[in-house]
>>> print(open('query-v7.cif').read())   # mmCIF, C-alpha atoms and all ligand atoms
data_data
#
loop_
_atom_site.label_atom_id
_atom_site.label_comp_id
_atom_site.auth_asym_id
_atom_site.auth_seq_id
_atom_site.Cartn_x
_atom_site.Cartn_y
_atom_site.Cartn_z
CA MET A 1 68.05 88.07 100.70
CA THR A 2 69.39 87.75 97.19
CA VAL A 3 72.37 85.51 97.88
CA GLU A 4 71.90 81.78 97.82
CA LEU A 5 74.53 79.33 99.07
CA ARG A 6 74.66 75.92 97.41
CA PRO A 7 76.68 72.91 98.48
CA VAL A 8 79.46 71.90 96.12
CA PRO A 9 79.33 68.13 95.52
CA GLY A 10 82.41 66.35 96.85
CA HIS A 11 83.50 69.32 99.01
CA PRO A 12 81.63 69.20 102.32
CA ASP A 13 83.02 72.55 103.58
CA LEU A 14 82.50 74.48 100.37
CA LEU A 15 79.46 76.50 99.30
CA GLU A 16 78.92 78.25 96.03
CA ALA A 17 77.44 81.76 96.36
CA ARG A 18 74.90 82.79 93.73
CA VAL A 19 73.01 86.03 93.16
CA HIS A 20 69.97 85.77 90.87
CA ASP A 21 71.38 82.43 89.75
CA VAL A 22 74.76 83.82 88.77
CA GLU A 23 77.81 82.52 90.59
CA VAL A 24 79.51 85.39 92.43
CA GLY A 25 81.91 83.62 94.74
CA ALA A 26 82.40 80.89 97.30
CA VAL A 27 82.27 80.35 101.04
CA ARG A 28 84.23 77.85 103.09
CA LEU A 29 82.54 76.96 106.35
CA GLU A 30 83.67 74.62 109.11
CA VAL A 31 81.85 74.38 112.43
CA THR A 32 83.63 72.70 115.35
CA GLY A 33 82.68 72.95 119.01
CA GLY A 34 80.38 75.92 118.48
CA LEU A 35 82.97 77.92 116.52
CA ALA A 36 82.39 78.56 112.83
CA ARG A 37 85.52 79.20 110.80
CA MET A 38 84.38 81.04 107.72
CA ALA A 39 86.27 82.14 104.65
CA ALA A 40 84.85 83.75 101.55
CA GLN A 41 85.82 85.10 98.20
CA VAL A 42 83.99 87.15 95.63
CA ASP A 43 84.62 86.91 91.91
CA PRO A 44 84.52 89.86 89.55
CA THR A 45 80.90 89.69 88.45
CA PRO A 46 79.12 92.25 86.28
CA GLY A 47 76.37 93.98 88.23
CA LEU A 48 77.73 92.98 91.63
CA GLU A 49 76.73 95.47 94.35
CA SER A 50 78.03 96.06 97.83
CA GLN A 51 74.69 94.89 99.27
CA ASP A 52 75.31 91.50 97.64
CA ILE A 53 78.54 91.24 99.61
CA VAL A 54 76.72 92.02 102.86
CA ASP A 55 74.06 89.44 101.97
CA LEU A 56 76.75 86.87 101.21
CA VAL A 57 78.27 87.28 104.68
CA LEU A 58 74.79 87.14 106.26
CA ALA A 59 73.94 83.96 104.36
CA ALA A 60 77.17 82.34 105.51
CA VAL A 61 76.45 83.37 109.11
CA ALA A 62 72.93 81.91 108.87
CA ARG A 63 74.43 78.67 107.59
CA ALA A 64 76.92 78.64 110.46
CA LYS A 65 74.08 79.08 112.96
CA GLU A 66 72.18 76.17 111.41
CA GLY A 67 75.36 74.15 111.84
CA GLY A 68 75.31 74.81 115.59
CA ALA A 69 77.82 77.66 115.81
CA ASN A 70 77.52 80.31 118.49
CA GLU A 71 80.65 82.19 117.46
CA VAL A 72 82.10 83.12 114.10
CA GLU A 73 85.70 83.62 113.04
CA PHE A 74 85.99 85.16 109.59
CA HIS A 75 89.24 84.50 107.73
CA CYS A 76 89.37 86.78 104.76
CA GLU A 77 91.79 89.30 103.30
CA SER A 78 89.40 91.04 100.90
CA LEU A 79 88.76 94.58 102.10
CA LEU A 80 85.30 94.45 100.57
CA LEU A 81 84.25 91.32 102.45
CA ARG A 82 85.84 92.50 105.68
CA HIS A 83 84.06 95.82 105.35
CA ALA A 84 80.74 94.01 104.92
CA ALA A 85 81.52 91.80 107.93
CA ARG A 86 82.41 94.82 110.05
CA GLN A 87 79.17 96.53 109.04
CA LEU A 88 77.37 93.45 110.33
CA GLY A 89 79.07 93.63 113.71
CA LEU A 90 82.15 91.45 113.36
CA GLY A 91 85.24 93.07 114.80
CA GLY A 92 88.98 92.77 115.21
CA ALA A 93 92.28 94.41 114.51
CA LEU A 94 93.88 94.93 111.11
CA ARG A 95 95.30 91.85 109.35
CA VAL A 96 93.74 89.26 111.69
CA PRO A 97 90.50 87.26 111.38
CA LEU A 98 87.32 89.06 112.46
CA ARG A 99 85.15 87.59 115.21
CA ALA A 100 81.73 87.95 116.76
CA ARG A 101 79.21 86.02 118.81
CA ILE A 102 76.70 84.79 116.30
CA ASP A 103 73.73 86.40 118.07
CA ASP A 104 75.42 89.80 117.87
CA ILE A 105 75.62 89.68 114.08
CA GLY A 106 72.76 91.58 112.56
CA ARG A 107 71.48 93.68 109.78
CA PRO A 108 73.73 96.59 108.89
CA THR A 109 72.77 100.04 109.95
CA PRO A 110 71.00 101.59 106.98
CA ALA A 111 73.31 103.50 104.68
CA GLY A 112 73.01 107.12 105.60
CA THR A 113 74.18 109.59 108.08
CA THR A 114 73.26 108.26 111.51
CA VAL A 115 76.57 106.56 112.15
CA ARG A 116 78.84 108.60 109.97
CA GLY A 117 77.55 111.95 111.08
CA SER A 118 75.23 114.39 109.43
CA ASP A 119 77.75 117.05 108.52
CA GLN A 120 81.27 116.99 107.27
CA ARG A 121 82.78 117.89 110.59
CA ALA A 122 80.97 115.00 112.28
CA ARG A 123 81.99 112.64 109.51
CA ARG A 124 85.63 113.66 109.86
CA SER A 125 85.41 112.86 113.56
CA TRP A 126 83.68 109.58 112.76
CA LEU A 127 86.48 108.54 110.39
CA SER A 128 89.16 109.45 112.90
CA ALA A 129 87.37 107.61 115.73
CA THR A 130 86.94 104.54 113.51
CA LEU A 131 90.66 104.55 112.67
CA ASN A 132 91.44 104.76 116.37
CA GLU A 133 89.22 101.71 116.97
CA LEU A 134 91.25 99.90 114.32
CA GLY A 135 94.45 100.70 116.19
CA VAL A 136 95.59 103.71 114.15
CA ALA A 137 95.96 106.88 116.23
CA SER A 138 94.58 109.81 114.27
CA THR A 139 92.86 113.14 114.74
CA PRO A 140 90.42 114.96 112.45
CA ALA A 141 92.27 117.51 110.31
CA ARG A 142 91.42 121.16 110.78
CA PRO A 143 89.23 122.19 107.89
CA SER A 144 91.18 123.97 105.22
CA ARG A 145 90.28 127.53 104.32
CA SER A 146 87.61 127.79 101.70
CA LEU A 147 89.96 128.75 98.88
CA GLY A 148 92.28 125.84 99.62
CA ARG A 149 89.27 123.59 99.84
CA LEU A 150 88.01 124.74 96.47
CA ALA A 151 91.42 124.07 94.96
CA THR A 152 91.44 120.56 96.45
CA ARG A 153 87.95 119.88 95.14
CA LEU A 154 88.91 120.95 91.67
CA SER A 155 92.23 119.13 91.50
CA GLY A 156 91.27 115.87 93.21
CA GLY A 157 88.23 115.17 91.05
CA VAL A 158 86.32 113.55 93.92
CA GLY A 159 84.44 116.48 95.47
CA ASP A 160 84.65 117.14 99.19
CA THR A 161 87.11 115.14 101.23
CA LEU A 162 87.48 113.92 104.80
CA ASP A 163 90.99 114.56 106.08
CA VAL A 164 92.65 112.98 109.09
CA VAL A 165 96.07 113.54 110.62
CA VAL A 166 98.22 110.57 111.63
CA GLU A 167 101.08 111.12 114.08
CA TRP A 168 103.74 108.47 113.43
CA ALA A 169 106.34 109.86 115.88
CA PRO A 170 106.06 112.68 118.44
CA GLY A 171 105.33 115.85 116.49
CA ARG A 172 105.68 114.19 113.10
CA THR A 173 102.57 113.73 111.04
CA PHE A 174 101.02 113.13 107.65
CA THR A 175 97.47 113.62 106.46
CA ILE A 176 95.23 111.19 104.64
CA SER A 177 92.49 112.56 102.49
CA VAL A 178 89.57 110.42 101.32
CA PRO A 179 86.46 111.32 99.34
CA ASP A 180 83.48 112.21 101.55
CA ARG A 181 81.23 109.41 100.34
CA PRO A 182 78.80 107.07 102.12
CA ASP A 183 80.62 103.95 100.88
CA ILE A 184 83.96 104.67 102.54
CA MET A 185 85.76 101.57 103.85
CA PRO A 186 87.66 102.79 106.93
CA GLU A 187 89.81 99.66 107.01
CA GLY A 188 91.44 100.64 103.69
CA VAL A 189 92.27 104.02 105.20
CA ALA A 190 93.58 102.39 108.38
CA LEU A 191 95.85 99.96 106.48
CA THR A 192 97.23 102.87 104.49
CA ALA A 193 97.96 104.84 107.66
CA ASP A 194 99.44 101.80 109.38
CA THR A 195 101.78 100.90 106.52
CA ALA A 196 102.81 104.52 105.89
CA ALA A 197 103.51 105.14 109.60
CA ALA A 198 105.64 101.98 109.78
CA VAL A 199 107.61 103.00 106.66
CA PHE A 200 108.17 106.51 108.07
CA ARG A 201 109.40 105.11 111.39
CA ARG A 202 111.92 103.04 109.47
CA PHE A 203 113.01 105.96 107.23
CA PRO A 204 112.55 109.05 109.42
CA ASP A 205 115.08 111.14 107.45
CA GLN A 206 113.09 110.74 104.23
CA ALA A 207 109.62 110.96 105.79
CA ASN A 208 109.19 114.65 105.04
CA ALA A 209 109.05 113.74 101.36
CA THR A 210 105.47 112.58 101.98
CA LYS A 211 103.24 114.83 104.04
CA ALA A 212 99.96 113.88 102.41
CA ILE A 213 98.30 110.78 101.01
CA HIS A 214 95.33 111.50 98.76
CA PHE A 215 92.76 109.00 97.59
CA ASP A 216 91.48 110.74 94.50
CA LYS A 217 91.43 110.92 90.74
CA ALA A 218 94.00 113.70 90.41
CA GLU A 219 96.09 111.88 87.83
CA HIS A 220 94.99 110.52 84.50
CA GLY A 221 96.25 107.02 85.32
CA LEU A 222 94.15 106.95 88.50
CA LYS A 223 91.07 108.19 86.67
CA SER A 224 91.29 105.50 84.02
CA GLY A 225 92.14 102.76 86.50
CA ARG A 226 95.50 102.16 84.83
CA TYR A 227 97.48 102.79 88.00
CA ALA A 228 96.75 102.08 91.65
CA GLY A 229 99.02 104.87 92.82
CA VAL A 230 101.11 107.81 91.69
CA ALA A 231 104.02 109.46 93.52
CA GLN A 232 104.48 113.17 92.93
CA LEU A 233 108.17 113.78 93.29
CA SER A 234 107.86 117.56 93.01
CA VAL A 235 105.47 117.88 95.96
CA PRO A 236 105.41 115.89 99.19
CA SER A 237 102.39 113.75 98.42
CA ILE A 238 101.24 110.52 96.87
CA HIS A 239 97.92 109.78 95.21
CA LEU A 240 96.16 106.43 95.44
CA THR A 241 93.11 105.03 93.71
CA ILE A 242 89.81 105.48 95.55
CA GLY A 243 89.21 101.79 94.78
CA PHE A 244 91.13 101.02 97.99
CA VAL A 245 88.72 102.99 100.19
CA THR A 246 85.23 102.94 98.60
CA THR A 247 83.05 99.91 97.92
CA GLU A 248 81.78 101.16 94.55
CA PHE A 249 85.25 101.70 93.14
CA PHE A 250 86.65 98.58 94.80
CA ILE A 251 84.07 96.53 92.91
CA GLN A 252 84.89 98.45 89.74
CA MET A 253 88.60 97.80 90.26
CA MET A 254 87.90 94.04 90.53
CA GLN A 255 86.36 93.89 87.05
CA PRO A 256 88.60 92.86 84.19
CA ARG A 257 89.70 95.88 82.19
CA SER A 258 87.90 96.11 78.90
CA THR A 259 89.52 99.16 77.36
CA GLY A 260 92.94 100.71 77.07
CA THR A 261 96.33 99.12 77.17
CA PRO A 262 96.69 96.27 79.62
CA ARG A 263 99.05 97.20 82.42
CA SER A 264 101.95 94.90 83.02
CA SER A 265 101.30 93.27 86.33
CA SER A 266 102.95 94.46 89.49
CA ALA A 267 104.10 92.22 92.32
CA ARG A 268 101.63 90.70 94.78
CA PRO A 269 102.54 91.06 98.44
CA SER A 270 102.71 88.16 100.89
CA SER A 271 99.84 87.58 103.30
CA PRO A 272 98.77 89.26 105.57
CA TYR A 273 99.72 92.26 103.43
CA ILE A 274 97.26 93.14 100.70
CA ALA A 275 97.25 95.31 97.60
CA VAL A 276 96.74 98.61 99.42
CA ASP A 277 99.78 97.98 101.68
CA ALA A 278 101.82 97.06 98.63
CA THR A 279 100.83 100.14 96.66
CA VAL A 280 101.51 102.43 99.63
CA ALA A 281 104.98 100.87 100.06
CA HIS A 282 105.70 101.18 96.33
CA GLU A 283 104.71 104.86 96.09
CA LEU A 284 106.46 105.78 99.33
CA TRP A 285 109.68 104.24 98.04
CA HIS A 286 109.60 106.61 95.06
CA GLN A 287 109.50 109.51 97.54
CA ILE A 288 112.16 108.01 99.83
CA GLU A 289 114.49 107.28 96.94
CA SER A 290 114.21 110.73 95.46
CA ALA A 291 114.75 112.29 98.90
CA PHE A 292 117.94 110.35 99.58
CA GLU A 293 119.25 110.75 96.05
CA ALA A 294 118.82 114.50 96.32
CA ARG A 295 121.38 114.37 99.13
CA HIS A 296 123.49 111.36 98.23
CA TYR A 297 123.33 110.91 94.49
CA ALA A 298 126.20 108.42 94.43
CA LEU A 299 124.39 106.19 96.91
CA GLY A 300 121.49 105.73 94.52
CA MET A 301 123.89 104.72 91.77
CA GLU A 302 125.65 102.34 94.11
CA LEU A 303 122.33 100.73 95.07
CA ARG A 304 121.48 100.11 91.39
CA HIS A 305 125.03 98.82 90.78
CA GLN A 306 124.81 96.34 93.65
CA VAL A 307 121.34 95.12 92.69
CA GLY A 308 122.69 94.71 89.15
CA LEU A 309 125.59 92.58 90.45
CA GLU A 310 123.10 90.32 92.21
CA LEU A 311 121.43 89.85 88.81
CA GLY A 312 124.76 89.25 87.03
CA VAL A 313 125.06 92.67 85.34
CA GLN A 314 126.83 95.93 86.18
CA THR A 315 123.71 97.90 87.02
CA LEU A 316 119.96 97.54 87.32
CA GLU A 317 119.63 99.66 84.15
CA HIS A 318 121.15 96.79 82.15
CA ALA A 319 118.56 94.39 83.54
CA VAL A 320 115.63 96.58 82.49
CA LYS A 321 117.15 96.95 79.00
CA GLY A 322 117.49 93.20 78.66
CA ALA A 323 114.15 92.82 76.86
CA SER A 324 115.76 93.59 73.54
CA PRO A 325 116.86 90.51 71.58
CA LYS A 326 120.00 92.50 70.67
CA ALA A 327 120.95 92.96 74.34
CA PRO A 328 123.91 90.95 75.68
CA PRO A 329 122.87 87.52 77.01
CA ALA A 330 123.69 88.57 80.62
CA TRP A 331 121.30 91.53 80.33
CA GLN A 332 118.60 89.25 78.95
CA SER A 333 118.92 86.77 81.78
CA ALA A 334 118.96 89.60 84.34
CA TYR A 335 115.77 90.90 82.76
CA ARG A 336 114.13 87.50 83.06
CA ARG A 337 115.12 87.21 86.72
CA LEU A 338 113.78 90.68 87.47
CA ALA A 339 110.44 89.83 85.83
CA ALA A 340 110.22 86.44 87.56
CA GLU A 341 111.55 87.25 91.04
CA VAL A 342 110.00 90.71 91.27
CA SER A 343 107.35 91.48 88.64
CA PRO A 344 106.85 92.28 84.96
CA TYR A 345 106.15 95.87 86.03
CA ALA A 346 109.61 96.04 87.65
CA THR A 347 111.15 95.82 84.16
CA THR A 348 109.56 99.15 83.13
CA ASN A 349 112.62 101.14 84.27
CA ALA A 350 115.10 101.23 87.14
CA ARG A 351 112.86 103.46 89.32
CA GLU A 352 109.90 101.11 89.03
CA ALA A 353 112.27 98.21 89.67
CA THR A 354 113.46 99.60 93.01
CA ALA A 355 109.88 100.53 94.01
CA GLU A 356 108.73 96.98 93.25
CA LEU A 357 111.74 95.54 95.09
CA PHE A 358 110.98 97.72 98.10
CA LYS A 359 107.33 96.73 98.08
CA LEU A 360 108.16 93.01 98.13
CA TRP A 361 110.81 93.52 100.78
CA TRP A 362 108.48 95.58 102.98
CA CYS A 363 105.44 93.33 102.52
CA ARG A 364 107.33 90.10 103.11
CA ASN A 365 106.39 87.14 105.21
CA GLY A 366 109.07 84.47 105.16
CA PRO A 367 112.21 84.52 103.03
CA PRO A 368 111.82 86.66 99.90
CA ALA A 369 113.30 85.92 96.45
CA PRO A 370 117.11 86.28 96.30
CA VAL A 371 117.16 89.66 94.55
CA VAL A 372 114.56 91.04 96.99
CA ALA A 373 116.59 89.78 99.95
CA ARG A 374 119.74 91.39 98.52
CA PHE A 375 117.90 94.67 97.96
CA GLY A 376 116.76 94.64 101.59
CA GLU A 377 120.32 94.03 102.80
CA LEU A 378 121.57 96.95 100.72
CA VAL A 379 118.85 99.25 102.00
CA ASP A 380 119.72 98.28 105.59
CA GLN A 381 123.39 99.09 104.91
CA MET A 382 122.87 102.33 103.01
CA LEU A 383 119.92 103.65 105.00
CA PRO A 384 120.35 102.03 108.43
CA PRO A 385 117.41 102.20 110.83
CA LYS A 386 117.59 105.11 113.26
CA ALA A 387 115.48 106.91 115.78
CA PRO A 388 113.28 109.68 114.38
CA THR A 389 114.53 113.22 114.80
CA ASP A 390 112.92 116.28 113.42
ZN ZN A 401 105.95 103.35 90.55
#
>>> encode(input="query-v7.cif", output="structure tokens", more="lines below")
Ligand SMILES: [Zn+2]
Amino acid sequence: MTVELRPVPGHPDLLEARVHDVEVGAVRLEVTGGLARMAAQVDPTPGLESQDIVDLVLAAVARAKEGGANEVEFHCESLLLRHAARQLGLGGALRVPLRARIDDIGRPTPAGTTVRGSDQRARRSWLSATLNELGVASTPARPSRSLGRLATRLSGGVGDTLDVVVEWAPGRTFTISVPDRPDIMPEGVALTADTAAAVFRRFPDQANATKAIHFDKAEHGLKSGRYAGVAQLSVPSIHLTIGFVTTEFFIQMMQPRSTGTPRSSSARPSSPYIAVDATVAHELWHQIESAFEARHYALGMELRHQVGLELGVQTLEHAVKGASPKAPPAWQSAYRRLAAEVSPYATTNAREATAELFKLWWCRNGPPAPVVARFGELVDQMLPPKAPTD
């Protein structure tokens, strides 16, 4: 085992995790009445590998056992750590702590094909079955014809894919396509499916604007790591970074960016929602908005007008133009509120503003910021919830 846990002086529950004498993260461990409550975090560390994450969880479990625990409850929102814990035999639904009896926690099955299946068809079934275990009803997608498959391979930039179909209402589906790689994290796929299905159930009339969710490198921004997601308004699909579903690229995504222009930061969702939920909500809003504007253009303008009024200006466009020192003072203060209550990225333009507003409204837990709450009210008025029809 390469991970060493060291006590942190003055903090009896806290352990520092080190790999080859480099600090890589921390573990919080509390054992009461045979139950170990464990939490962990990993820092962006050069050279960090997914095996280190597995070893970190194992080391924490060993420490819990020494402390007299016979059961472990793992409180952690990092997909990477949860994936490692699941590989070791901890289990549980999405967005809740994982649990296991301590004696059932063991070495992971060796990376390879025994569990995932030896051919693509078996691996597709494996992914679908794993999603079902995580509470997301899915079926393996029928393999596409060879020409279509070649086109997908060439355009996605990730080689062969595993595709599953998620039915979010009777007869209404979308597909999720992930790279066929040994380091797939099914929980990232399941969260994506879960959030997308919930959004579609809320906006059934706009759901046809997204028939496919691709984890790939189809777009330049995804390839370079600049964006976590891209909505393609001309076709019914969104593209998300493979960092949400593969350990290698998740670790890469954690590292501070060394090249290129820094991206202005987007909004962080409230727990238990995590970055993948937030990005799915953001990209789906682009599709929903363009679908409803195609039918009701005036409604889109009215939405931006009303959000603008909440910010003290006539329209959201004035708020995003408020960065200029020559802008009227009301525009400047609206701009500052948008950046503070939503995110710096929301000030990019009005479309990004509404996508960021939607994301915070969707991924909320407790009362959101005033402008987010107002946006949610407006959405509920203009696009009231209804039962799905085809
Ligand atoms: Zn966007």
>>> residues_near_ligand(input="query-v7.cif", ligand="ligand ZN 401 (chain A)", cutoff="6 Å", atoms="all atoms listed in the file", output="number ranges by chain")
A: 283, 352, 355
>>> atom_distance(input="query-v7.cif", atom1="atom CA of A:Arg201", atom2="atom CA of A:Arg351")
22.4 Å
>>> closest_residue(input="query-v7.cif", among="A:Leu131, A:Asp205, A:Val199, A:Arg336", to="A:Lys386", atoms="only C-alpha atoms")
A:Asp205
>>> residues_around(input="query-v7.cif", residues="A:Ala231", least_positions_apart="3", cutoff="7 Å", atoms="only C-alpha atoms", output="ChimeraX atom specification")
/A:237-239,283,286-287
>>> closest_residue(input="query-v7.cif", among="A:Glu73, A:Glu317, A:Asp13, A:Asp52", to="A:Leu29", atoms="all atoms listed in the file")
A:Asp13
>>> axis_aligned_box(input="query-v7.cif", around="stretch 156-174 of chain A", padding_each_side="6 Å", output="AutoDock Vina command-line options")
--center_x 95.4 --center_y 112.8 --center_z 104.7 --size_x 33.9 --size_y 20.7 --size_z 39.4
